[in-house]
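Worksheet: the structure to be examined is printed underneath.
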Amino acid sequence: MGSADHLREIEADALGRLGAAGDLEALAILEAEVIGPGSPIMEARRGLKDVPQEDRKELGRAINEVKTSIDAAIAARRRHLAASAGEARLAAERLDITLPGRAPARGTHHLVRQVWDEVVDIFMALGYSVADGPEVETAHYNFDALNTPPTHPSRFESDTLYVDYGDDPEGVLLRTQTSPVQARYMEAHPPPVYIVSPGRTYRRDTTDATHTPVFHQMEGLAVDDHITFADLKGTLAYFANEFFGSGRQVRFQPHFFPFTEPSAEMHFSCFACDGSGCRTCGHSGWIELLGCGMVDPNVLATAGYDPAAVSGFAFGMGIDRLAMIRYGIPELRYFFDPDLRVLGQFR
Amino acid sequence: MKLSVGWINEFVDLPINDPGELCDVFNQLGLEVETWQAVEAGFSGVIVAEVTEVLLHPNADKLRVVTLDTGSGLHTVVCGAWNFEAGATVPLAMPGAVLPGGFEVGSRKIRGVESPGMICSERELGLGEGSEGILMLGEGYAPLGADFASTLPYPDVVFDLDITPNRPDAMSVYGVARDLAACFGLPLRGPNTGFEEEGQPTTASVRVEDSERCPRFTAREIRDLAIGPSPLWMRLRLRDCGVRAINNVVDVTNYVTLELGQPLHAFDLDRVPEETLVIRRAAPGEHLTTLDSIDRVLSDEDLLVAGPSDGLALAGIMGGENSEVAPDTTRVLLEVAHFSAPHTLLSGWRQKLRSEASARFERGVDPELPPIASGRAAALMGRLAGGAIAPGFIDIYPTPIEPVVVELPAAETERLLGVAIPPSEIAGILTRLGCEVEGDGPFRVTVPTYRPDVTRPADLVEEIARLYGYDNIPSSLPRGPGGGLSRTQRRARLASAAMVGAGYSEVMSFSFVAPGDIAALGLPPDDPRNRPIRIRNPLNEEQALLRTSLLPGLLTALRVNQARNHPSAALFETGLVFLPGPADLPDQPRRLAFAAVGPRPAPRWTGEGPDRDATDAVGVLESLAGALGIEMQIEQGSDGAFHPGRCGTVLVGGWAVGVVGEIHPAVASAFEVTGRVAAGEIDLDAVLAAESGAPFLPPSPLPPVVFDLAFDVDAGVPAGQLTAVVAAAGGPTVESVTLFDVFSGPPLAEGRKSLAVRLTVRDPERTLTDEEVAPLRSAVAAAVAERLDGRLRGG
C-alpha cells in the first residue's frame with residue numbers, strides 16, 4: 001500500500017479506464033470510481049496518516065501528482081466527449097433549410113399607393129410639398145375658381161357626380177380633378193408655391209376596362225415670380241426620366257384646358273421599346289402621359305395673385321394610369337379588385 | 001372631325017403629302033390626329049362608257065344584253081340591272097379589270113350569250129353601299145373610254161382630328177387649311193362663291209325676335225331646283241368624311257358645313273307658311289318633330305326657327321320634318337345664321353341632341369361667315385341642282401360683332417414661355433394667323449372674328465408658342481423651397497407600413513355604398529353612420545350613397561375573397577368617409593380600417609394556424625401603436641356593427657378614436673362572410689396627430705423585484721381594467737404590469753375568473769428588498785379588492 005509502484009498502477013488503471021469511457025454519462029460514473037470517495041487514489045490519500053512521518057511528505061506529493069494527472073485526464077476526456085456529443089447533436093439537428101421560412105405574414109401596399117408615394121418622392125426631391133383637400137368639394141373650387149365656364153360640358157350631370165348637400169343642387173359635388181386643391185392652396189398661401197396634390201377623384205363613368213367612377217390623380221403646381229413654359233417642360237422631362245427610367249424623350253403638343261393657357265399635352269418616348277413602336281405604346285413610339293400648361297391668369301387672379309407679377313405652371317396626371325403603363329396592368333378595374341391574387345402581386 | 005388632304009389642297013398647296021409627316025404637323029399645331037387612313041379607288045381596268053342599245057336576253061327573263069360605246073368601238077355585255085336605258089353613262093369593267101376584294105373580271109358565257117366584262121354598281125366598285133343598280137355617272141361625266149379610277153378624287157388621305165373646344169376656327173376643311181397655311185407661311189385660296197342672281201326678287205321674309213341667341217341671320221331663295229343625287233365626287237367626299245349622301249340640295253348644305261365650318265339649313269319654301277321665318281324662343285311645352293323623327297318637347301330657353309305659328313327647326317341644332325327638303329322640292333330658303341354658342345350648347349344638352357351643326361355653333365362660329373357660306377352653297381346648288389338664285393339676300397345683323405383688340409406687352413411672351421422671340425418674329429406669327437399687328441412691342445393686336453377664344457395676352461402667347469413650335473422652347477428645371485412631407489404625411493406612411501408588416505394588404509374600394517350596405521351594419525338609428533349623404537345623380541342605386549365607414553367595403557372585399565377560395569384574408573384601407581356636419585361641406589375624416597377572417601397565416605408545412613378572433617384585431621392596433629410610438633388603450637365598448645361581447649373602444653390620450661373587436665355575426669352574414677371577422681376602424685387623423693409624450697428613461701443598473709399576483713375576480717371584469725388598477729395602486733416604482741394568465745373553472749366559483757399579472761418594481765435610486773415591496777403588494781391587493789371586488793389568490 002502506498003508504494004510508488006502502487007501509485008503508478010492506480011494511475012495507469014484510472015487513465016486506462018477513462019480512455020475507454022464512451023460518453024459523458026459513463027465518464028461521470030467513472031469519475032466517481034476513479035477519484036470519488038473510496039476510489040483507490042482517495043483511499044491512498046486516506047492511508048497517508050498511517051505512513052511514517054519521514055515518508056509521508058514524499059508519498060503525499062506523489063499521491064497529489066497522480067491525483068492531478070487523473071483530474072487532468074478526466075477534464076481532457078470530458079472535453080473530448082463533450083465535443084463529440086455536440087457534433088452528434090448538430091448532426092442530429094440537421095434541417096432542410098429550403099423549407100419555407102417562418103417569416104411573419106406580410107401584406108402589400110396597394111400598387112396605386114406605391115406609385116402615389118413614388119411620384120410624391122420625386123417631386124419632393126425638387127423641393128415640392130404635398131397639399132390635399134376635400135373630396136366632396138364645392139362647385140366653386142372644382143369649376144369656377146378654375147376658370148371653367150358655367151356652360152362647360154364637364155359640369156353636366158352626365159359627367160359630374162353631384163352631392164345632395166346644402167341648398168344649391170349644383171353647389172356640392174365629388175371633385176372631378178385634384179385641381180381644386182390648387183385654388184384652395186393659393187388662397188391660403190402667398191407665392192412661391194411648389195406643391196403636388198395626389199388624391200381621389202370622381203367622374204360619372206360606368207366601370208369598364210379603362211373607366212371607373214373613382215380614380216386617382218396627382219396635380220402639380222408651381223407659381224413663382226419667374227416660372228415659364230420652359231420650366232414646365234424641364235420639370236416634366238425630369239419626372240418622366242425619374243419615373244420611367246433615363247433616356248425618355250418628351251414631346252409637348254398644344255391642347256386645351258380651361259385652367260391653363262397656353263396648354264399642352266405631354267407624351268414621352270415609350271420606355272418598353274425606346275420609341276421604336278410596340279404594344280405598350282400602340283406602335284407609335286410615344287405614350288400620352290398628362291395634360292399641363294401655364295396657369296390661366298383668371299385662375300391666378302381668382303386666388304388673389306397678381307397675374308402680371310407671378311406666373312406658374314400646373315399639370316395633372318392619372319396615378320392609376322402611371323401604374324397601368326409602368327406595370328402593364330391591362331384594365332383600370334383591377335385596382336378596385338380586392339382579390340388576393342391581385343393584391344399579392346403588388347409587391 | 002374627318003377631312004381629306006385632297007380637300008385641304010383646294011385651299012392651300014401643302015408642301016408635304018406624306019401622312020406621317022402631316023400627322024406630326026397636325027399634332028404640333030394642336031390639331032390632334034386620332035387616326036388617318038389612305039383612301040384609293042380599289043379597282044383598275046374600269047372605263048367610262050355610254051349605253052347605246054339595250055336588248056332582252058334571249059334565254060333569260062331577268063337579264064338584258066347591253067351594247068356600249070367605249071370611245072374606241074362597241075362592246076356588248078350581259079347585265080342583270082334594270083335601272084338604265086340607252087344613253088346612260090356607266091362604268092364598264094373590261095376583261096382583266098380587278099375589282100375590290102381582288103375579284104378579276106373575265107369573259108364568260110351567261111345563258112348562252114358571251115359577256116366580256118361587266119357594268120358595275122357602286123357597291124361592286126367599293127364606292128358606296130347604297131344602290132343595287134348600276135352606278136349612273138351622268139351625261140358628259142368624262143370622255144368615253146377614260147379610265148374611271150383616274151376620274152375619282154383618289155388617292156387621298158383622310159385624317160380624323162380631335163379638335164379641342166377652344167378651336168372653333170378649325171372645325172372645317174377651310175379652317176384647318178388656314179392653320180396649315182399659317183404654319184407653312186403659304187397663301188390661302190378662298191372658296192369659290194361665284195354666281196349670278198336671276199328672276200324676281202324673293203318674297204320670303206325673316207324676323208329675328210331674339211338677337212342675343214341669334215345675332216345674325218341670313219336667308220336666300222333658290223328656285224327651279226331639280227332634286228336628285230349629287231355628283232359622284234361630292235358623294236365620295238361626304239362619305240369619306242362620315243356623312244351620308246341624301247340629295248343634291250341637302251348634300252350641298254352638308255358639304256359647305258364641312259368645308260367652311262358654317263352650318264346651313266335649307267327649308268322647302270313651299271312648306272314655309274307665308275314664306276315667313278320667325279326666330280323666336282319656344283313656348284314652354286311646345287312640340288317639334290326634328291329630322292330624326294323624334295317628337296321633342298321644348299322649353300322657353302330653346303330657340304326656334306319658326307313659321308308664323310309652328311316651329312320649323314330647332315335653331316342651330318336640327319331641322320324639323322315639316323319643312324324638310326323632299327324629292328318634289330323645287331325651291332328652298334337657305335338659312336345661314338349665327339347662333340350664340342352657350343345657348344346652342346345648353347339647348348342641345350336639354351334635348352340630348354348633338355349634330356354637325358350644333359357641334360360647331362356650341363363652340364362659336366365666325367359671325368362673318370354666313371354671307372360667304374351662303375354664296376358658296378348658292379353657287380353649288382346652281383351648278384349641281386340647276387337652281388336659280390333669286391335676288392334679295394336677307395341679312396339681319398343688327399349689332400355686328402367687332403373684332404377683339406388685345407394689348408400684348410413686349411416682354412409677356414418671354415415671361416411666360418422662357419424664350420426670347422424677336423419682336424419681328426412675334427409680329428410675323430400673329431400676322432400669319434390673320435391678326436392685324438401694330439407696334440413692335442408692346443403690340444396692339446386685332447384678332448380675327450374666327451378666333452373667339454383669343455381675348456387676352458396669354459391667349460396670344462399660346463398662339464405664338466403654337467406656331468413657334470412647343471418643341472423649340474427650351475427646358476429648365478426650377479426647384480421649390482423644399483418642405484418635404486408634413487409630420488402627419490410621414491406618419492401616415494408609417495401607419496400603412498405597420499399594417500403591411502402586420503400581414504394586412506391594402507385595398508381600395510369605391511367611396512360609394514348601396515343603401516343595403518349601410519342597413520347591413522345594424523347600427524342604431526341615431527348613429528351618424530346611419531345618415532349617409534346621397535349622390536343626386538348616381539350611376540345606379542348600388543353607388544348612390546357616400547360611405548360613412550370603411551367597413552362595408554372591407555366586408556365586401558372579404559366576401560369576394562372567400563368566394564374566390566381564399567379562406568384566409570387580412571385587408572386594410574385608408575380613406576375618407578363622409579358625414580353630415582355643420583359646415584358648407586360634409587365632415588370628411590380620414591379613417592383607417594381593417595378586417596381579417598380565417599386561419600392566421602402559417603407556413604403550410606407546419607399546419608394552418610388557428611382562426612382569427614378579436615385578439616388579432618387588438619394585436620394589429622398594438623403593432624400600429626408601436627410603429628407610431630403612441631399609447632393606445634382598449635376599453636370594453638359597444639358598437640352596433642360589432643359582437644356585443646367582443647368589442648372595444650380605442651382610446652388615444654383619453655379620447656375615443658375608434659372601435660376594435662369582432663364583427664357582429666349577423667353583420668358578417670349580411671355581407672355573406674363566414675367565420676369570425678377580426679376588425680377595427682379608427683380615426684386616422686386623430687391617431688396620427690397623437691404625440692408619444694413618454695420621456696426617455698435611462699435603463700437602471702439596479703435589479704428589479706419581480707413578482708406575480710393572481711386575482712379571483714368576477715368574470716365580467718376586463719383585464720385592461722385590472723392592470724390599470726394594479727398600476728395605479730402600485731405607484732411610481734411599478735415599471736410594468738403584464739397580464740400573463742387567464743382562466744376560469746374549478747377551483748374558482750361559477751362566474752369568477754383568475755387574472756394573473758407579473759409586476760416589475762424598481763426604484764431608480766436603490767435596490768429594493770422583498771420587505772420593502774410588501775406594503776406595495778398589500779396596497780395593490782387592497783385596491784383590487786375595493787375597486788374590482790377581487791381577491792388575491794394564494795395570498
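Residues in the C-alpha cells are numbered from 1 in each chain, the chains being A, B, ... in the order shown, and ligands are numbered from 1 in the order shown.
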
**Request:** Would you kindly report the residues of chain B within 7 Å of chain A, using only C-alpha atoms, as a ChimeraX atom specification?
**Result:** /B:27-30,164,166,342,415-418,458-459,461-462,466,470-471,473-485,500-510,533-539,557,560-561,584-585,588,601,603

**Request:** Write down as a PyMOL selection string the residues belonging to range 202-361 of chain B that are assigned alpha helix (DSSP H) by DSSP computed on the backbone.
**Result:** chain B and resi 232-240+248-260+341-351+356-361

**Request:** Pick out each residue of range 378-623 of chain B that DSSP on the backbone tags as strand (DSSP E); I need them as a ChimeraX atom specification.
**Result:** /B:388-389,394-396,404-408,436-438,443-447,505-506,512-513,545-546,569-576,590-597

Output for the residues just chosen: N, CA and C atoms as a CSV table (one decimal), in the first residue's frame:
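The result, written out as result.csv:
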chain,number,residue,atom,x,y,z
B,388,ALA,N,-81.9,78.4,-109.6
B,388,ALA,CA,-81.7,79.8,-110.0
B,388,ALA,C,-81.8,80.6,-108.7
B,389,ILE,N,-80.8,81.4,-108.5
B,389,ILE,CA,-80.6,82.2,-107.2
B,389,ILE,C,-81.4,83.5,-107.3
B,394,ILE,N,-81.3,88.2,-97.8
B,394,ILE,CA,-81.7,88.7,-96.5
B,394,ILE,C,-80.5,88.6,-95.5
B,395,ASP,N,-80.1,89.6,-94.8
B,395,ASP,CA,-79.0,89.6,-93.9
B,395,ASP,C,-79.4,90.4,-92.7
B,396,ILE,N,-79.8,89.8,-91.6
B,396,ILE,CA,-80.2,90.6,-90.4
B,396,ILE,C,-79.1,90.5,-89.4
B,404,VAL,N,-61.8,91.6,-81.5
B,404,VAL,CA,-61.2,92.0,-80.3
B,404,VAL,C,-59.8,92.5,-80.5
B,405,VAL,N,-59.5,93.6,-79.7
B,405,VAL,CA,-58.1,94.1,-79.8
B,405,VAL,C,-57.4,93.8,-78.5
B,406,VAL,N,-56.3,93.2,-78.6
B,406,VAL,CA,-55.5,92.8,-77.4
B,406,VAL,C,-54.2,93.5,-77.3
B,407,GLU,N,-53.8,94.1,-76.2
B,407,GLU,CA,-52.5,94.7,-76.0
B,407,GLU,C,-51.6,93.6,-75.4
B,408,LEU,N,-50.6,93.3,-76.2
B,408,LEU,CA,-49.6,92.3,-75.8
B,408,LEU,C,-48.3,93.0,-75.4
B,436,GLU,N,-54.2,91.5,-87.1
B,436,GLU,CA,-53.6,92.8,-87.5
B,436,GLU,C,-52.7,93.2,-86.4
B,437,VAL,N,-51.4,93.5,-86.7
B,437,VAL,CA,-50.5,93.8,-85.6
B,437,VAL,C,-49.9,95.2,-85.8
B,438,GLU,N,-50.1,96.1,-84.7
B,438,GLU,CA,-49.5,97.4,-84.7
B,438,GLU,C,-48.4,97.4,-83.7
B,443,PHE,N,-47.4,95.2,-78.5
B,443,PHE,CA,-48.1,95.0,-79.8
B,443,PHE,C,-49.6,95.3,-79.5
B,444,ARG,N,-50.2,95.9,-80.5
B,444,ARG,CA,-51.6,96.1,-80.5
B,444,ARG,C,-52.2,95.2,-81.5
B,445,VAL,N,-52.9,94.1,-81.1
B,445,VAL,CA,-53.2,93.0,-81.9
B,445,VAL,C,-54.8,93.0,-82.1
B,446,THR,N,-55.2,93.1,-83.4
B,446,THR,CA,-56.6,92.9,-83.7
B,446,THR,C,-56.8,91.5,-84.1
B,447,VAL,N,-57.7,90.7,-83.3
B,447,VAL,CA,-57.8,89.3,-83.5
B,447,VAL,C,-59.0,89.0,-84.5
B,505,SER,N,-53.1,43.5,-46.3
B,505,SER,CA,-52.9,44.0,-47.6
B,505,SER,C,-53.9,45.2,-47.8
B,506,GLU,N,-53.4,46.2,-48.5
B,506,GLU,CA,-54.2,47.4,-48.7
B,506,GLU,C,-55.1,47.2,-49.9
B,512,PHE,N,-68.4,54.8,-52.7
B,512,PHE,CA,-69.9,54.8,-52.7
B,512,PHE,C,-70.3,53.5,-52.0
B,513,VAL,N,-71.5,53.5,-51.4
B,513,VAL,CA,-72.1,52.3,-50.9
B,513,VAL,C,-73.6,52.2,-51.3
B,545,LEU,N,-74.9,56.2,-52.3
B,545,LEU,CA,-74.6,56.9,-51.1
B,545,LEU,C,-73.1,57.0,-50.9
B,546,LEU,N,-72.7,58.1,-50.1
B,546,LEU,CA,-71.3,58.2,-49.8
B,546,LEU,C,-71.0,57.4,-48.6
B,569,ALA,N,-57.9,35.9,-45.2
B,569,ALA,CA,-57.7,37.2,-45.8
B,569,ALA,C,-57.6,38.2,-44.7
B,570,ALA,N,-56.6,39.1,-44.9
B,570,ALA,CA,-56.4,40.2,-44.0
B,570,ALA,C,-56.2,41.5,-44.8
B,571,LEU,N,-57.2,42.4,-44.7
B,571,LEU,CA,-57.2,43.6,-45.6
B,571,LEU,C,-57.3,44.9,-44.8
B,572,PHE,N,-56.8,45.9,-45.4
B,572,PHE,CA,-57.0,47.2,-44.7
B,572,PHE,C,-57.2,48.3,-45.8
B,573,GLU,N,-57.8,49.4,-45.4
B,573,GLU,CA,-57.9,50.5,-46.3
B,573,GLU,C,-57.8,51.8,-45.5
B,574,THR,N,-57.3,52.8,-46.2
B,574,THR,CA,-57.3,54.2,-45.6
B,574,THR,C,-58.1,55.1,-46.6
B,575,GLY,N,-58.8,56.0,-46.1
B,575,GLY,CA,-59.6,56.9,-47.0
B,575,GLY,C,-60.6,57.7,-46.2
B,576,LEU,N,-61.2,58.6,-47.0
B,576,LEU,CA,-62.2,59.5,-46.4
B,576,LEU,C,-63.5,58.8,-46.2
B,590,ARG,N,-60.5,61.2,-42.2
B,590,ARG,CA,-59.7,60.1,-42.8
B,590,ARG,C,-59.7,59.0,-41.8
B,591,ARG,N,-60.0,57.8,-42.3
B,591,ARG,CA,-60.1,56.6,-41.5
B,591,ARG,C,-59.1,55.6,-41.9
B,592,LEU,N,-58.8,54.7,-40.9
B,592,LEU,CA,-58.1,53.5,-41.3
B,592,LEU,C,-58.9,52.4,-40.7
B,593,ALA,N,-59.2,51.4,-41.6
B,593,ALA,CA,-60.0,50.3,-41.1
B,593,ALA,C,-59.3,49.0,-41.6
B,594,PHE,N,-59.6,47.9,-40.9
B,594,PHE,CA,-59.0,46.6,-41.3
B,594,PHE,C,-60.0,45.5,-40.9
B,595,ALA,N,-59.9,44.4,-41.6
B,595,ALA,CA,-60.8,43.3,-41.4
B,595,ALA,C,-60.0,42.0,-41.8
B,596,ALA,N,-60.2,41.0,-41.0
B,596,ALA,CA,-59.5,39.7,-41.3
B,596,ALA,C,-60.3,38.6,-41.0
B,597,VAL,N,-60.2,37.5,-41.7
B,597,VAL,CA,-61.1,36.3,-41.5
B,597,VAL,C,-60.2,35.1,-41.8

**Spatial neighbours of Leu146 in chain A, 6 Å, only C-alpha atoms, chain gap at least 2 places, as a list in words** =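 Returned residues: Phe143, Asp144, Thr148, Phe259 and Val299 of chain A.
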
**Prompt:** Just how far from CA of Gly304 in chain A is CA of Thr176 in chain A, in Å to one decimal?
**Reply:**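 About the pair CA of Thr176 in chain A and CA of Gly304 in chain A: they are 23.1 Å apart.
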
**Asked** So which one's closest to Arg758 in chain B, B:Pro391, B:Val737, B:Glu362, B:Leu333? Using only C-alpha atoms, please.
**Response**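 Selected residue with least distance to Arg758 in chain B: B:Val737.
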
**Contacts of Arg123 in chain B within 12 Å, only C-alpha atoms, excl. fewer than 5 positions in-chain, as number ranges by chain** = B: 42-43, 99-101, 128-135

**Fill in**
note - CA of Asp50 in chain A and CA of Ile74 in chain A are separated by 28.5 Å

**Prompt:** Can you tell me, as a list in words, what residues are no more than 9 Å from range 773-775 of chain B when counting only C-alpha atoms, ignoring any on the same chain fewer than 4 positions away?
**Reply:**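 Everything that qualifies: Val705, Val761, Leu768, Thr769, Ala779 and Val780 of chain B.
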
Restricted to C-alpha atoms, what would the selected residues look like written as a tab-separated table (two decimals), in the first residue's frame?
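Output file result.tsv follows:
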chain	number	residue	atom	x	y	z
B	705	VAL	CA	-38.12	42.97	-7.81
B	761	VAL	CA	-40.89	47.03	-9.45
B	768	LEU	CA	-35.41	47.18	-3.11
B	769	THR	CA	-35.80	44.29	-0.72
B	779	ALA	CA	-51.84	48.28	-1.41
B	780	VAL	CA	-52.38	46.61	-4.78

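Summary of the local environment: counting only C-alpha atoms, residues at most 9 Å from Arg45 in chain A, other than itself and those fewer than 4 positions away along its chain, are Gly2, Pro40, Ile41, Lys49, Gly60, Ile63 and Asn64 of chain A.
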
Residues just named, written with C-alpha atoms as an mmCIF file, in the first residue's frame:
data_model
loop_
_atom_site.group_PDB
_atom_site.id
_atom_site.type_symbol
_atom_site.label_atom_id
_atom_site.label_comp_id
_atom_site.auth_asym_id
_atom_site.auth_seq_id
_atom_site.Cartn_x
_atom_site.Cartn_y
_atom_site.Cartn_z
ATOM 1 C CA GLY A 2 1.158 3.435 -0.793
ATOM 2 C CA PRO A 40 -8.002 3.887 -4.900
ATOM 3 C CA ILE A 41 -6.312 7.252 -5.012
ATOM 4 C CA LYS A 49 -1.824 9.223 8.007
ATOM 5 C CA GLY A 60 1.879 12.813 -0.226
ATOM 6 C CA ILE A 63 -0.284 10.950 -4.453
ATOM 7 C CA ASN A 64 -1.060 14.551 -5.423
#
